[in-house]
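Engineer: File coords-v8.pdb below, PDB, C-alpha atoms:
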ATOM      1  CA  MET A 238      25.239 -28.823  24.982
ATOM      2  CA  ASN A 239      24.019 -31.043  27.826
ATOM      3  CA  TYR A 240      21.278 -33.097  26.164
ATOM      4  CA  ASP A 241      20.617 -35.283  29.219
ATOM      5  CA  LYS A 242      19.923 -32.200  31.338
ATOM      6  CA  LEU A 243      17.678 -30.751  28.628
ATOM      7  CA  LYS A 244      15.692 -33.994  28.310
ATOM      8  CA  ILE A 245      15.020 -34.048  32.054
ATOM      9  CA  GLU A 246      14.062 -30.354  32.185
ATOM     10  CA  VAL A 247      11.645 -30.739  29.284
ATOM     11  CA  ALA A 248      10.169 -33.939  30.746
ATOM     12  CA  GLU A 249       9.577 -32.155  34.064
ATOM     13  CA  THR A 250       8.003 -29.243  32.202
ATOM     14  CA  LEU A 251       5.643 -31.424  30.137
ATOM     15  CA  LEU A 252       4.577 -33.467  33.163
ATOM     16  CA  GLY A 253       4.087 -30.350  35.265
ATOM     17  CA  ILE A 254       1.536 -28.802  32.896
ATOM     18  CA  LYS A 255       0.041 -32.181  31.877
ATOM     19  CA  ALA A 256       1.012 -31.723  28.248
ATOM     20  CA  VAL A 257       2.203 -35.300  28.623
ATOM     21  CA  PHE A 258       0.940 -37.527  31.385
ATOM     22  CA  LEU A 259       0.713 -41.205  32.115
ATOM     23  CA  ARG A 260      -2.508 -43.045  32.949
ATOM     24  CA  PRO A 261      -1.867 -46.790  32.646
ATOM     25  CA  SER A 262      -4.909 -47.741  34.720
ATOM     26  CA  GLU A 263      -7.254 -45.946  32.262
ATOM     27  CA  PRO A 264      -5.644 -46.229  28.822
ATOM     28  CA  PHE A 265      -6.322 -43.760  26.058
ATOM     29  CA  ILE A 266      -7.410 -45.158  22.700
ATOM     30  CA  TRP A 267      -5.497 -43.964  19.646
ATOM     31  CA  ALA A 268      -7.236 -43.561  16.276
ATOM     32  CA  SER A 269      -5.597 -46.837  15.242
ATOM     33  CA  GLY A 270      -7.344 -48.600  18.137
ATOM     34  CA  ILE A 271      -4.117 -49.047  20.122
ATOM     35  CA  LYS A 272      -4.490 -48.721  23.876
ATOM     36  CA  SER A 273      -1.988 -46.211  25.204
ATOM     37  CA  PRO A 274      -1.063 -45.259  28.787
ATOM     38  CA  VAL A 275       0.270 -41.943  27.482
ATOM     39  CA  TYR A 276      -1.526 -38.715  26.639
ATOM     40  CA  CYS A 277       0.434 -36.079  24.721
ATOM     41  CA  ASP A 278      -0.753 -32.602  23.762
ATOM     42  CA  ASN A 279       2.201 -30.271  23.389
ATOM     43  CA  ARG A 280      -0.142 -27.463  22.293
ATOM     44  CA  LEU A 281      -0.632 -26.867  26.007
ATOM     45  CA  THR A 282       2.919 -25.516  26.244
ATOM     46  CA  LEU A 283       1.699 -22.411  24.409
ATOM     47  CA  SER A 284      -0.621 -21.541  27.310
ATOM     48  CA  TYR A 285       2.133 -21.496  29.947
ATOM     49  CA  PRO A 286       4.760 -18.764  29.441
ATOM     50  CA  LYS A 287       7.389 -20.420  31.646
ATOM     51  CA  ALA A 288       6.952 -23.789  29.940
ATOM     52  CA  ARG A 289       6.827 -22.128  26.542
ATOM     53  CA  LYS A 290      10.157 -20.438  27.202
ATOM     54  CA  VAL A 291      11.786 -23.760  28.126
ATOM     55  CA  ILE A 292      10.459 -25.420  24.975
ATOM     56  CA  GLU A 293      11.169 -22.670  22.463
ATOM     57  CA  ASN A 294      14.650 -21.902  23.790
ATOM     58  CA  GLY A 295      15.348 -25.630  23.821
ATOM     59  CA  LEU A 296      14.282 -25.970  20.192
ATOM     60  CA  ALA A 297      16.397 -22.965  19.213
ATOM     61  CA  ASP A 298      19.459 -24.316  21.031
ATOM     62  CA  VAL A 299      19.116 -27.741  19.418
ATOM     63  CA  ILE A 300      18.773 -26.204  15.960
ATOM     64  CA  LYS A 301      21.900 -24.106  16.485
ATOM     65  CA  ALA A 302      23.844 -27.129  17.724
ATOM     66  CA  GLU A 303      22.600 -29.775  15.281
ATOM     67  CA  TYR A 304      21.712 -27.782  12.169
ATOM     68  CA  PRO A 305      23.980 -24.703  12.121
ATOM     69  CA  ASP A 306      23.565 -24.212   8.344
ATOM     70  CA  VAL A 307      19.769 -23.920   8.466
ATOM     71  CA  GLU A 308      18.230 -21.204   6.313
ATOM     72  CA  VAL A 309      14.478 -21.779   6.760
ATOM     73  CA  LEU A 310      12.224 -23.365   9.392
ATOM     74  CA  MET A 311       9.086 -25.205   8.285
ATOM     75  CA  GLY A 312       6.393 -26.134  10.798
ATOM     76  CA  THR A 313       4.136 -29.149  10.534
ATOM     77  CA  SER A 314       0.409 -28.522  10.376
ATOM     78  CA  THR A 315      -1.005 -27.717  12.752
ATOM     79  CA  ALA A 316       0.799 -28.332  16.028
ATOM     80  CA  GLY A 317       4.277 -27.480  14.770
ATOM     81  CA  ILE A 318       3.309 -24.108  13.275
ATOM     82  CA  PRO A 319       3.354 -21.904  16.415
ATOM     83  CA  HIS A 320       6.616 -23.441  17.599
ATOM     84  CA  ALA A 321       8.228 -22.833  14.219
ATOM     85  CA  ALA A 322       7.002 -19.234  14.310
ATOM     86  CA  ILE A 323       8.359 -18.524  17.794
ATOM     87  CA  VAL A 324      11.694 -20.230  17.161
ATOM     88  CA  SER A 325      12.110 -18.496  13.805
ATOM     89  CA  GLU A 326      11.788 -15.197  15.673
ATOM     90  CA  ILE A 327      14.432 -16.265  18.211
ATOM     91  CA  LEU A 328      16.818 -17.329  15.435
ATOM     92  CA  ASN A 329      15.847 -14.551  13.005
ATOM     93  CA  LEU A 330      14.996 -17.037  10.252
ATOM     94  CA  PRO A 331      12.215 -17.171   7.669
ATOM     95  CA  MET A 332       9.520 -19.792   8.223
ATOM     96  CA  GLY A 333       6.563 -21.416   6.603
ATOM     97  CA  TYR A 334       4.566 -24.562   7.115
ATOM     98  CA  VAL A 335       3.442 -27.700   5.349
ATOM     99  CA  ARG A 336      -0.201 -28.734   5.257
ATOM    100  CA  GLY A 337      -1.311 -32.310   5.726
ATOM    101  CA  ASP A 338      -3.019 -32.030   2.324
ATOM    102  CA  ALA A 339      -3.087 -29.395  -0.369
ATOM    103  CA  LYS A 340      -5.897 -26.853  -0.140
ATOM    104  CA  SER A 341      -8.909 -27.615  -2.297
ATOM    105  CA  HIS A 342      -9.360 -23.944  -3.202
ATOM    106  CA  GLY A 343      -7.372 -20.818  -4.039
ATOM    107  CA  ARG A 344      -3.852 -21.711  -5.145
ATOM    108  CA  ASN A 345      -4.155 -25.286  -3.856
ATOM    109  CA  ASN A 346      -1.055 -24.825  -1.741
ATOM    110  CA  LYS A 347       0.380 -27.584   0.396
ATOM    111  CA  ILE A 348       3.442 -25.553   1.349
ATOM    112  CA  GLU A 349       2.592 -22.158   2.819
ATOM    113  CA  GLY A 350       5.007 -19.252   2.834
ATOM    114  CA  VAL A 351       7.761 -18.757   0.283
ATOM    115  CA  PRO A 352       8.641 -22.269  -1.002
ATOM    116  CA  PRO A 353      12.149 -23.055   0.290
ATOM    117  CA  VAL A 354      13.524 -24.210  -3.076
ATOM    118  CA  ASN A 355      17.274 -24.922  -2.848
ATOM    119  CA  LYS A 356      17.229 -23.815   0.805
ATOM    120  CA  LYS A 357      18.547 -25.725   3.807
ATOM    121  CA  VAL A 358      15.449 -26.511   5.865
ATOM    122  CA  VAL A 359      14.728 -27.789   9.369
ATOM    123  CA  VAL A 360      11.244 -29.130  10.065
ATOM    124  CA  VAL A 361       9.741 -28.194  13.443
ATOM    125  CA  GLU A 362       7.481 -30.922  14.815
ATOM    126  CA  ASP A 363       5.695 -31.212  18.152
ATOM    127  CA  LEU A 364       5.576 -35.006  18.463
ATOM    128  CA  ILE A 365       7.113 -38.075  16.833
ATOM    129  CA  SER A 366       5.197 -41.332  17.248
ATOM    130  CA  THR A 367       5.172 -43.642  14.220
ATOM    131  CA  GLY A 368       6.893 -40.987  12.099
ATOM    132  CA  GLY A 369       4.524 -41.221   9.148
ATOM    133  CA  SER A 370       3.282 -37.644   9.031
ATOM    134  CA  SER A 371       6.767 -36.270   9.658
ATOM    135  CA  VAL A 372       8.235 -38.225   6.755
ATOM    136  CA  ASP A 373       5.372 -37.022   4.525
ATOM    137  CA  VAL A 374       6.291 -33.410   5.335
ATOM    138  CA  VAL A 375       9.957 -34.020   4.565
ATOM    139  CA  GLU A 376       9.106 -35.713   1.258
ATOM    140  CA  SER A 377       6.832 -32.821   0.253
ATOM    141  CA  LEU A 378       9.694 -30.396   0.844
ATOM    142  CA  ARG A 379      12.194 -32.560  -1.004
ATOM    143  CA  GLU A 380       9.837 -32.719  -3.989
ATOM    144  CA  ILE A 381      10.128 -28.961  -4.516
ATOM    145  CA  GLY A 382      13.911 -29.029  -4.187
ATOM    146  CA  ALA A 383      14.415 -28.150  -0.516
ATOM    147  CA  ASP A 384      17.493 -29.552   1.220
ATOM    148  CA  VAL A 385      15.946 -30.922   4.417
ATOM    149  CA  LEU A 386      18.651 -31.129   7.077
ATOM    150  CA  GLY A 387      16.335 -32.870   9.520
ATOM    151  CA  ILE A 388      13.632 -32.503  12.132
ATOM    152  CA  VAL A 389      13.590 -30.983  15.588
ATOM    153  CA  SER A 390      10.734 -32.091  17.824
ATOM    154  CA  ILE A 391       9.525 -31.549  21.363
ATOM    155  CA  PHE A 392       8.882 -35.187  22.284
ATOM    156  CA  THR A 393       9.306 -38.650  20.827
ATOM    157  CA  TYR A 394       7.859 -41.963  21.927
ATOM    158  CA  GLY A 395      10.939 -43.715  20.569
ATOM    159  CA  LEU A 396       8.769 -46.402  18.977
ATOM    160  CA  GLU A 397      10.674 -48.879  16.816
ATOM    161  CA  LYS A 398       8.275 -48.292  13.922
ATOM    162  CA  GLY A 399       8.939 -44.563  14.011
ATOM    163  CA  ILE A 400      12.703 -44.957  14.275
ATOM    164  CA  LYS A 401      12.818 -47.352  11.324
ATOM    165  CA  ARG A 402      10.542 -45.165   9.218
ATOM    166  CA  LEU A 403      12.784 -42.131   9.726
ATOM    167  CA  GLU A 404      15.906 -44.176   9.008
ATOM    168  CA  THR A 405      14.423 -45.602   5.804
ATOM    169  CA  ALA A 406      13.570 -42.090   4.605
ATOM    170  CA  ASN A 407      17.046 -40.865   5.631
ATOM    171  CA  VAL A 408      15.583 -38.295   8.019
ATOM    172  CA  LYS A 409      17.415 -37.122  11.120
ATOM    173  CA  ASN A 410      15.333 -36.214  14.166
ATOM    174  CA  VAL A 411      16.462 -34.630  17.425
ATOM    175  CA  SER A 412      13.860 -34.425  20.205
ATOM    176  CA  LEU A 413      13.992 -32.286  23.325
ATOM    177  CA  SER A 414      12.812 -35.231  25.409
ATOM    178  CA  ASP A 415      11.733 -38.831  25.011
ATOM    179  CA  PHE A 416       9.549 -41.521  26.503
ATOM    180  CA  THR A 417      12.403 -43.209  28.391
ATOM    181  CA  THR A 418      13.404 -39.997  30.141
ATOM    182  CA  LEU A 419       9.834 -38.953  30.837
ATOM    183  CA  SER A 420       8.861 -42.278  32.413
ATOM    184  CA  LYS A 421      11.924 -42.168  34.691
ATOM    185  CA  VAL A 422      11.152 -38.603  35.753
ATOM    186  CA  ALA A 423       7.510 -39.568  36.325
ATOM    187  CA  LEU A 424       8.620 -42.408  38.611
ATOM    188  CA  ASP A 425      11.159 -40.271  40.503
ATOM    189  CA  GLU A 426       8.608 -37.509  41.073
ATOM    190  CA  LYS A 427       5.883 -40.002  42.015
ATOM    191  CA  TYR A 428       3.539 -39.327  39.134
ATOM    192  CA  ILE A 429       3.463 -43.114  38.708
ATOM    193  CA  THR A 430       4.218 -46.173  40.814
ATOM    194  CA  GLU A 431       6.849 -48.858  40.183
ATOM    195  CA  LYS A 432       4.148 -51.117  38.733
ATOM    196  CA  GLU A 433       2.886 -48.378  36.429
ATOM    197  CA  PHE A 434       6.468 -47.671  35.354
ATOM    198  CA  ARG A 435       6.803 -51.290  34.227
ATOM    199  CA  MET A 436       3.449 -51.077  32.442
ATOM    200  CA  VAL A 437       4.238 -47.945  30.432
ATOM    201  CA  ASN A 438       7.629 -49.255  29.357
ATOM    202  CA  ALA A 439       6.115 -52.569  28.312
ATOM    203  CA  PHE A 440       3.741 -50.542  26.138
ATOM    204  CA  ARG A 441       6.598 -48.650  24.502
ATOM    205  CA  THR A 442       8.383 -51.897  23.681
ATOM    206  CA  ASN A 443       5.391 -53.190  21.713
ATOM    207  CA  PRO A 444       2.382 -50.840  21.426
ATOM    208  CA  ASP A 445       0.439 -53.362  19.333
ATOM    209  CA  ASP A 446       0.414 -55.852  22.214
ATOM    210  CA  ASP A 447      -1.966 -54.737  24.976
ATOM    211  CA  SER A 448      -0.725 -57.362  27.432
ATOM    212  CA  TRP A 449       0.951 -54.467  29.292
ATOM    213  CA  THR A 450      -2.535 -53.596  30.602
ATOM    214  CA  ARG A 451      -2.558 -56.853  32.554
ATOM    215  CA  LEU A 452       0.823 -56.619  34.255
TER     216      LEU A 452
END
Kindly transcribe the structure held in the file into structure tokens.
Structural biologist:
Amino acid sequence: MNYDKLKIEVAETLLGIKAVFLRPSEPFIWASGIKSPVYCDNRLTLSYPKARKVIENGLADVIKAEYPDVEVLMGTSTAGIPHAAIVSEILNLPMGYVRGDAKSHGRNNKIEGVPPVNKKVVVVEDLISTGGSSVDVVESLREIGADVLGIVSIFTYGLEKGIKRLETANVKNVSLSDFTTLSKVALDEKYITEKEFRMVNAFRTNPDDDSWTRL
């Protein structure tokens, strides 16, 4: 499987539909207060059939290559759910999803669908940033006895904090594309200038330091 080719194709797809785009001159503000030159909303891929096909087939191919023993797919709530559903259909696998928190009514479920106890599970995620929510999902599945093989995601920022958090939790993640690839594609296709390219990569190196905004 040619991962470099896949990363470029997915980056081009995400940029083309503005599911991910770069705006260093007018930073977005994350909930944490961090200024970010990057906007990411992979839910938009669902609205574009051609882009959706690239993403879902890419996820399916990565799962087959990296996690051939998978028995169940589990989506993350809420953005990972539709991708898990589509890919489970492609691979003919059962699926469910994990809530951010247990319901406060009914059966108080956190894991929806048949609990994958003693099953080999792959988590389907749309985005990896700091990795916190993804690790929480994996831990919730491990608590009920699922054998979590790892995560497959559409895009990762490749932030050091996220990488370390996944490593500490012993969680493997394979993303269809990443920040490094996307920024290079954005420069090559003139979505951003050379100066903006330097700015966005300075951000990725240390998101907590907003000095990149003054480069």
Engineer: If you take all atoms listed in the file and a cut-off of 12 Å, which residues of region 340-408 of chain A touch region 251-260 of chain A, and what are their nearest atom pairs and distances in Å to one decimal, in chain and number order, as JSON lines?
Structural biologist:
{"residue": "A:Asp363", "atom": "CA", "partner": "A:Ala256", "partner_atom": "CA", "distance": 11.1}
{"residue": "A:Leu364", "atom": "CA", "partner": "A:Val257", "partner_atom": "CA", "distance": 10.7}
{"residue": "A:Ile391", "atom": "CA", "partner": "A:Leu251", "partner_atom": "CA", "distance": 9.6}
{"residue": "A:Phe392", "atom": "CA", "partner": "A:Val257", "partner_atom": "CA", "distance": 9.2}
{"residue": "A:Thr393", "atom": "CA", "partner": "A:Val257", "partner_atom": "CA", "distance": 11.1}
{"residue": "A:Tyr394", "atom": "CA", "partner": "A:Val257", "partner_atom": "CA", "distance": 11.0}
Engineer: What does the PyMOL selection byres ((chain A and resi 293) around 9) select in this file, as a JSON list (two decimals) with C-alpha atoms, in the frame of the given file?
Structural biologist:
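Output file expr-v9.json is given in full below:
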[["chain", "number", "residue", "atom", "x", "y", "z"],
["A", 288, "ALA", "CA", 6.95, -23.79, 29.94],
["A", 289, "ARG", "CA", 6.83, -22.13, 26.54],
["A", 290, "LYS", "CA", 10.16, -20.44, 27.20],
["A", 291, "VAL", "CA", 11.79, -23.76, 28.13],
["A", 292, "ILE", "CA", 10.46, -25.42, 24.98],
["A", 294, "ASN", "CA", 14.65, -21.90, 23.79],
["A", 295, "GLY", "CA", 15.35, -25.63, 23.82],
["A", 296, "LEU", "CA", 14.28, -25.97, 20.19],
["A", 297, "ALA", "CA", 16.40, -22.96, 19.21],
["A", 298, "ASP", "CA", 19.46, -24.32, 21.03],
["A", 320, "HIS", "CA", 6.62, -23.44, 17.60],
["A", 321, "ALA", "CA", 8.23, -22.83, 14.22],
["A", 323, "ILE", "CA", 8.36, -18.52, 17.79],
["A", 324, "VAL", "CA", 11.69, -20.23, 17.16],
["A", 327, "ILE", "CA", 14.43, -16.26, 18.21]]
Engineer: What do you get, as number ranges by chain, if you spell out every residue that the PyMOL selection byres ((chain A and resi 329) around 12) selects here?
Structural biologist: A: 297, 301, 307-310, 321-328, 330-332
Engineer: Using all atoms listed in the file, which of the listed residues (A:Asn443, A:Thr313, A:Thr430, A:Asn438) sits closest to Ser377 (chain A)?
Structural biologist: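 Of A:Asn443, A:Thr313, A:Thr430, A:Asn438, the one nearest Ser377 (chain A), counting all atoms listed in the file, is A:Thr313.
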Engineer: Calculate how many Å separate CA of Leu386 (chain A) from CA of Val361 (chain A), rounding to one decimal.
Structural biologist: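 Value for the CA of Leu386 (chain A)-CA of Val361 (chain A) distance: 11.3 Å.
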Engineer: Let me make sure I understand: among A:Ile318, A:Val385, A:Leu243, A:Val335, which one has the smallest atom-to-atom distance to Glu349 (chain A) if we use all atoms listed in the file?
Structural biologist: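 Between A:Ile318, A:Val385, A:Leu243, A:Val335, the residue approaching Glu349 (chain A) most closely is A:Val335.
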Engineer: The PyMOL selection byres ((chain A and resi 451) around 12) on the file shown: which residues, as a ChimeraX atom specification?
Structural biologist: /A:261-264,432-433,435-437,439-440,446-450,452
Engineer: Go ahead and compute the interatomic distance for CA of Val247 (chain A) and CA of Val422 (chain A), in Å to one decimal.
Structural biologist: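 Computing the Euclidean distance for CA of Val247 (chain A) and CA of Val422 (chain A) yields 10.2 Å.
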Engineer: Could you give me, as a VMD selection string, the residues within 9 Å of Asn407 (chain A), counting only C-alpha atoms and dropping anything in the same chain fewer than 4 positions from it?
Structural biologist: chain A and resid 387 402 to 403
Engineer: Can you work out the spacing between CA of Pro353 (chain A) and CA of Tyr304 (chain A) in Å, to one decimal?
Structural biologist: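 Interatomic distance, CA of Pro353 (chain A) to CA of Tyr304 (chain A): 16.0 Å.
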Engineer: Between A:Ala268, A:Ile348, A:Ile365, A:Ala383, which has the minimum distance to Gly399 (chain A) (counting all atoms listed in the file)?
Structural biologist: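 Using all atoms listed in the file, Gly399 (chain A) sits closest to A:Ile365.
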